[in-house]
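Working notes, structure below.
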Amino acid sequence: LSVWSNVQAGPPDAILGITEAFKADKDPRKINLGVGAYRDENGKPYILPSVQKAEEIVLASVPNKEYLPITGLPEFTRNAALLAYGTESTPLKEGAVAVTQSISGTGALRIGGEFLARHYPKSKDIFLPAPTWGNHIPLFRDSGLNVRSYRYFNKETVGLDFAGLKADLEAAPEGAIVLLHACAHNPTGIDPTPEQWAQISDIVKEKKLFPFFDMAYQGFASGSTTKDAFAVRHFVEQGHQVALSQSFAKNMGLYGERVGAFSVTTADAAEKARVDSQLKIIIRPMYSNPPVNGARIANAILSNADLYTQWESEVKGMADRIISMREKLYNSLQKELNTPGEWGHIKSQIGMFSFTGLNPSQTKALAEKAHVYMTHDGRISMAGLNGGNIEYFAQSVDKAVR
Ligand code: PMP
């Protein structure tokens with residue numbers, strides 16, 4: 001008898017399972033809108049030209065393959081923090097931001113979860129928006145936190161349930177942790193307005209909640225890295241101490257390079273040094289130190305004014321292409337096909353995803369009859385649409401809802 005004979009088969013990953021089904025489908029019209037990875041107008045993965053240049057710069061410097069420090073490449077983490085908090089950030093100027101490189105956004109969230117579970121004194125409860133990125137739930141549970149939720153999505157309006165969000169944060173136990181998607185909320189594509197962020201900040205202050213921002217899409221939502229950092233910077237300006245997860249997967253297209261950062265704002269340089277020491281104690285037994293290549297690439301962009309400018313325009317290019325697909329899809333469904341229902345949310349939503357409002361039986365029919373794959377909750381990756389497949393997609397949706 002094998003020692004593993006008691007191991008039960010677990011369920012497949014909800015999102016990566018879709019890619020399997022897509023790969024097995026032989027129909028030439030097939031479309032994969034499941035996974036959140038940017039595709040160009042030909043449906044191909046996109047390597048940003050600024051990233052290609054950065055790779056050349058890195059290679060030309062003939063870098064060695066030595067280990068990085070436990071918290072990563074210092075120039076990279078300094079520049080990543082500047083990108084998020086801004087050059088005018090008070091805690092950055094005071095040397096009071098503890099920051100570590102991470103294995104992309106997922107690794108940053110996990111370091112954050114572990115750090116809060118060990119050192120946050122007031123609560124083990126973390127409130128996540130409903131719905132949220134699916135991986136948030138097991139990630140924070142495995143970190144040792146109690147996962148709870150606050151209302152976020154209003155099914156009726158296919159918009160933000162702002163009244164529900166406020167009521168749930170007001171009713172949260174004092175000191176609880178609240179996870180906020182900094183921009184381009186996944187899966188809904190619905191973000192609070194700046195005025196609503198200001199109100200959320202007030203509630204967080206009044207209830208002494210602890211804000212943990214997940215910023216996986218800086219630049220990807222609006223096309224501007226500054227605009228997309230509004231919520232994080234507003235909270236810091238309002239005097240909140242924050243935790244922040246950053247990912248360079250989407251905005252630099254560095255998915256498989258696994259480049260990210262986790263940071264917390266602290267009272268002063270001495271406190272920062274103590275927090276740094278504890279981050280190292282968390283990281284060292286997990287993976288010792290992070291991979292070096294992606295951080296060098298990202299840092300080559302962040303530290304070179306010309307490349308940085310080029311990169312910003314390429315991020316805007318990706319955001320703009322997605323926005324133009326939203327416009328096209330809305331026009332096809334609402335105006336040309338007269339598809340039953342109201343489709344304005346496709347245009348008003350932001351970022352990589354659109355929460356279409358399609359139900360599980362419609363998404364199933366789309367996969368089986370039209371070879372169009374998306375998550376069962378009706379989320380589509382807008383980046384999977386292009387001039388060549390958007391008409392077919394709109395017609396398929398039209399058929400599925402009639
Ligand atoms: N947070 C959110 C909201 C995400 O959508 C993602 C990627 N899908 C991540 C974090 C982490 O991604 P990665 O680990 O690839 O940076």
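Chain labels follow the order of the structure tokens: the first chain is A, the next B, and so on; residue numbering restarts at 1 in every chain, and ligands are counted from 1 in their shown order.
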> What do you get as a ChimeraX atom specification if you pick all residues at most 7 Å from ligand 1, counting only C-alpha atoms and all ligand atoms?
Replying inline: /A:36,103-107,133,181,185-186,214-216,247-249,255,258,260
Restricting it to C-alpha atoms, dump the selection as a compact mmCIF listing (two decimals), in the first residue's frame.
# COMPACT_ATOMS: atom_id res chain seq x y z
CA GLY A 36 -6.02 37.42 -17.22
CA ILE A 103 7.41 36.43 -6.07
CA SER A 104 5.01 38.67 -8.00
CA GLY A 105 1.73 39.85 -6.51
CA THR A 106 0.77 36.46 -5.10
CA GLY A 107 4.02 36.23 -3.15
CA TRP A 133 -9.81 37.33 -6.93
CA HIS A 181 -8.13 46.34 -4.67
CA HIS A 185 -10.96 45.34 -9.28
CA ASN A 186 -10.78 41.67 -10.23
CA ASP A 214 -3.59 44.78 -3.55
CA MET A 215 -2.25 46.71 -6.55
CA ALA A 216 -1.86 44.15 -9.34
CA SER A 247 2.80 43.09 -9.14
CA PHE A 248 4.70 43.79 -12.35
CA ALA A 249 3.06 40.85 -14.12
CA TYR A 255 4.01 37.35 -15.79
CA ARG A 258 7.45 36.76 -11.03
CA GLY A 260 6.56 42.08 -7.24
> Which residues in stretch 146-312 of chain A does DSSP call strand (DSSP E)? List them as an NGL selection string.
Replying inline: :A and (146-151 or 153-154 or 159-160 or 177-181 or 210-215 or 243-247 or 259-265)
Residues as selected, N, CA and C atoms, written as an mmCIF file, in the first residue's frame, can you do that?
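Writing done, so here's part.cif:
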data_model
loop_
_atom_site.group_PDB
_atom_site.id
_atom_site.type_symbol
_atom_site.label_atom_id
_atom_site.label_comp_id
_atom_site.auth_asym_id
_atom_site.auth_seq_id
_atom_site.Cartn_x
_atom_site.Cartn_y
_atom_site.Cartn_z
ATOM 1 N N ASN A 146 -8.430 34.888 9.548
ATOM 2 C CA ASN A 146 -9.842 34.502 9.360
ATOM 3 C C ASN A 146 -10.390 35.302 8.196
ATOM 4 N N VAL A 147 -10.790 34.610 7.154
ATOM 5 C CA VAL A 147 -11.286 35.295 5.961
ATOM 6 C C VAL A 147 -12.770 35.616 6.106
ATOM 7 N N ARG A 148 -13.076 36.903 5.984
ATOM 8 C CA ARG A 148 -14.469 37.354 6.035
ATOM 9 C C ARG A 148 -14.723 38.216 4.803
ATOM 10 N N SER A 149 -15.939 38.715 4.622
ATOM 11 C CA SER A 149 -16.173 39.471 3.387
ATOM 12 C C SER A 149 -17.026 40.713 3.617
ATOM 13 N N TYR A 150 -16.864 41.669 2.720
ATOM 14 C CA TYR A 150 -17.749 42.836 2.707
ATOM 15 C C TYR A 150 -18.389 42.941 1.330
ATOM 16 N N ARG A 151 -19.613 43.491 1.314
ATOM 17 C CA ARG A 151 -20.332 43.583 0.037
ATOM 18 C C ARG A 151 -19.596 44.525 -0.921
ATOM 19 N N PHE A 153 -20.320 44.026 -4.909
ATOM 20 C CA PHE A 153 -20.956 44.007 -6.228
ATOM 21 C C PHE A 153 -22.466 43.994 -6.087
ATOM 22 N N ASN A 154 -23.124 44.875 -6.861
ATOM 23 C CA ASN A 154 -24.579 44.901 -6.898
ATOM 24 C C ASN A 154 -25.056 44.254 -8.201
ATOM 25 N N GLY A 159 -23.086 47.114 -10.787
ATOM 26 C CA GLY A 159 -22.187 48.195 -10.368
ATOM 27 C C GLY A 159 -21.730 47.969 -8.928
ATOM 28 N N LEU A 160 -21.148 49.002 -8.355
ATOM 29 C CA LEU A 160 -20.642 48.920 -6.979
ATOM 30 C C LEU A 160 -21.807 48.992 -5.993
ATOM 31 N N ILE A 177 -8.673 43.846 9.583
ATOM 32 C CA ILE A 177 -7.911 44.151 8.356
ATOM 33 C C ILE A 177 -8.899 44.188 7.197
ATOM 34 N N VAL A 178 -8.724 45.155 6.295
ATOM 35 C CA VAL A 178 -9.598 45.184 5.116
ATOM 36 C C VAL A 178 -8.732 45.187 3.853
ATOM 37 N N LEU A 179 -9.003 44.214 2.995
ATOM 38 C CA LEU A 179 -8.276 44.137 1.735
ATOM 39 C C LEU A 179 -8.990 44.985 0.690
ATOM 40 N N LEU A 180 -8.231 45.888 0.057
ATOM 41 C CA LEU A 180 -8.790 46.777 -0.966
ATOM 42 C C LEU A 180 -8.045 46.565 -2.275
ATOM 43 N N HIS A 181 -8.782 46.396 -3.362
ATOM 44 C CA HIS A 181 -8.129 46.342 -4.674
ATOM 45 C C HIS A 181 -7.834 47.795 -5.050
ATOM 46 N N PHE A 210 -7.443 48.202 9.385
ATOM 47 C CA PHE A 210 -6.109 48.268 8.796
ATOM 48 C C PHE A 210 -6.206 47.997 7.298
ATOM 49 N N PRO A 211 -5.835 48.988 6.447
ATOM 50 C CA PRO A 211 -5.973 48.805 5.003
ATOM 51 C C PRO A 211 -4.779 48.076 4.372
ATOM 52 N N PHE A 212 -5.098 47.014 3.652
ATOM 53 C CA PHE A 212 -4.094 46.235 2.915
ATOM 54 C C PHE A 212 -4.488 46.348 1.436
ATOM 55 N N PHE A 213 -3.665 47.082 0.664
ATOM 56 C CA PHE A 213 -3.971 47.284 -0.758
ATOM 57 C C PHE A 213 -3.323 46.208 -1.610
ATOM 58 N N ASP A 214 -4.114 45.673 -2.522
ATOM 59 C CA ASP A 214 -3.586 44.778 -3.551
ATOM 60 C C ASP A 214 -3.568 45.563 -4.856
ATOM 61 N N MET A 215 -2.374 45.922 -5.317
ATOM 62 C CA MET A 215 -2.251 46.710 -6.550
ATOM 63 C C MET A 215 -1.575 45.835 -7.618
ATOM 64 N N ALA A 243 -0.537 48.519 4.236
ATOM 65 C CA ALA A 243 0.268 47.447 3.643
ATOM 66 C C ALA A 243 -0.070 47.436 2.163
ATOM 67 N N LEU A 244 0.913 47.059 1.352
ATOM 68 C CA LEU A 244 0.715 47.138 -0.094
ATOM 69 C C LEU A 244 1.396 45.976 -0.810
ATOM 70 N N SER A 245 0.623 45.347 -1.682
ATOM 71 C CA SER A 245 1.180 44.328 -2.575
ATOM 72 C C SER A 245 1.232 44.913 -3.975
ATOM 73 N N GLN A 246 2.382 44.769 -4.647
ATOM 74 C CA GLN A 246 2.527 45.230 -6.035
ATOM 75 C C GLN A 246 2.924 44.062 -6.923
ATOM 76 N N SER A 247 2.426 44.089 -8.148
ATOM 77 C CA SER A 247 2.804 43.089 -9.136
ATOM 78 C C SER A 247 3.245 43.799 -10.407
ATOM 79 N N VAL A 259 7.778 39.129 -10.699
ATOM 80 C CA VAL A 259 8.353 40.341 -10.096
ATOM 81 C C VAL A 259 7.280 41.098 -9.328
ATOM 82 N N GLY A 260 7.506 41.317 -8.051
ATOM 83 C CA GLY A 260 6.561 42.077 -7.238
ATOM 84 C C GLY A 260 7.241 42.647 -6.022
ATOM 85 N N ALA A 261 6.439 43.315 -5.195
ATOM 86 C CA ALA A 261 6.973 43.895 -3.965
ATOM 87 C C ALA A 261 5.874 43.952 -2.911
ATOM 88 N N PHE A 262 6.293 43.756 -1.661
ATOM 89 C CA PHE A 262 5.392 43.958 -0.532
ATOM 90 C C PHE A 262 5.980 45.053 0.336
ATOM 91 N N SER A 263 5.127 45.977 0.783
ATOM 92 C CA SER A 263 5.627 47.037 1.650
ATOM 93 C C SER A 263 4.624 47.379 2.740
ATOM 94 N N VAL A 264 5.151 47.941 3.820
ATOM 95 C CA VAL A 264 4.308 48.526 4.865
ATOM 96 C C VAL A 264 4.889 49.881 5.251
ATOM 97 N N THR A 265 3.997 50.830 5.509
ATOM 98 C CA THR A 265 4.470 52.127 5.984
ATOM 99 C C THR A 265 4.547 52.063 7.511
#
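Rounded to one decimal, atom CA of A:Ala300 and atom CA of A:Glu55 lie 8.0 Å from each other.
Proximity ranking of A:Ala394, A:Ala108, A:Val62, A:Met374 relative to A:Gln334 places A:Ala394 first, based on only C-alpha atoms.
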>> Need the shell around A:Asp40: protein/DNA/RNA residues with any atom at most 10 Å away, counting only C-alpha atoms. Skip same-chain ones fewer than 5 positions apart. Format as a list in words?
In response: Pro45, Tyr46, Ile47, Met318, Arg321, Ile322, Ala383, Gly384, Leu385 and Asn386 of chain A
> If we count only C-alpha atoms, what is near A:Pro63 at a cut-off of 10 Å, once residues fewer than 3 positions away on the same chain are taken out, given as a ChimeraX atom specification?
Replying inline: /A:58-60,66,292-293,296
> Hey, what's within 8 Å of A:Leu169 if we count only C-alpha atoms and toss same-chain stuff fewer than 5 positions away? As a PyMOL selection string, please?
Replying inline: chain A and resi 150+203-204+207
Using C-alpha atoms, can you write the selected residues to a file as a PDB file, in the first residue's frame?
ATOM      1  CA  TYR A 150     -17.749  42.836   2.707  1.00  0.00           C
ATOM      2  CA  ILE A 203     -14.690  54.727   7.627  1.00  0.00           C
ATOM      3  CA  VAL A 204     -11.378  52.871   7.838  1.00  0.00           C
ATOM      4  CA  LYS A 207     -13.320  52.031  12.752  1.00  0.00           C
TER       5      LYS A 207
END
>> Measuring between only C-alpha atoms, which one of A:Ala267, A:Ala172, A:Met252, A:Leu128 shows the shortest distance to A:Thr90?
In response: A:Ala267
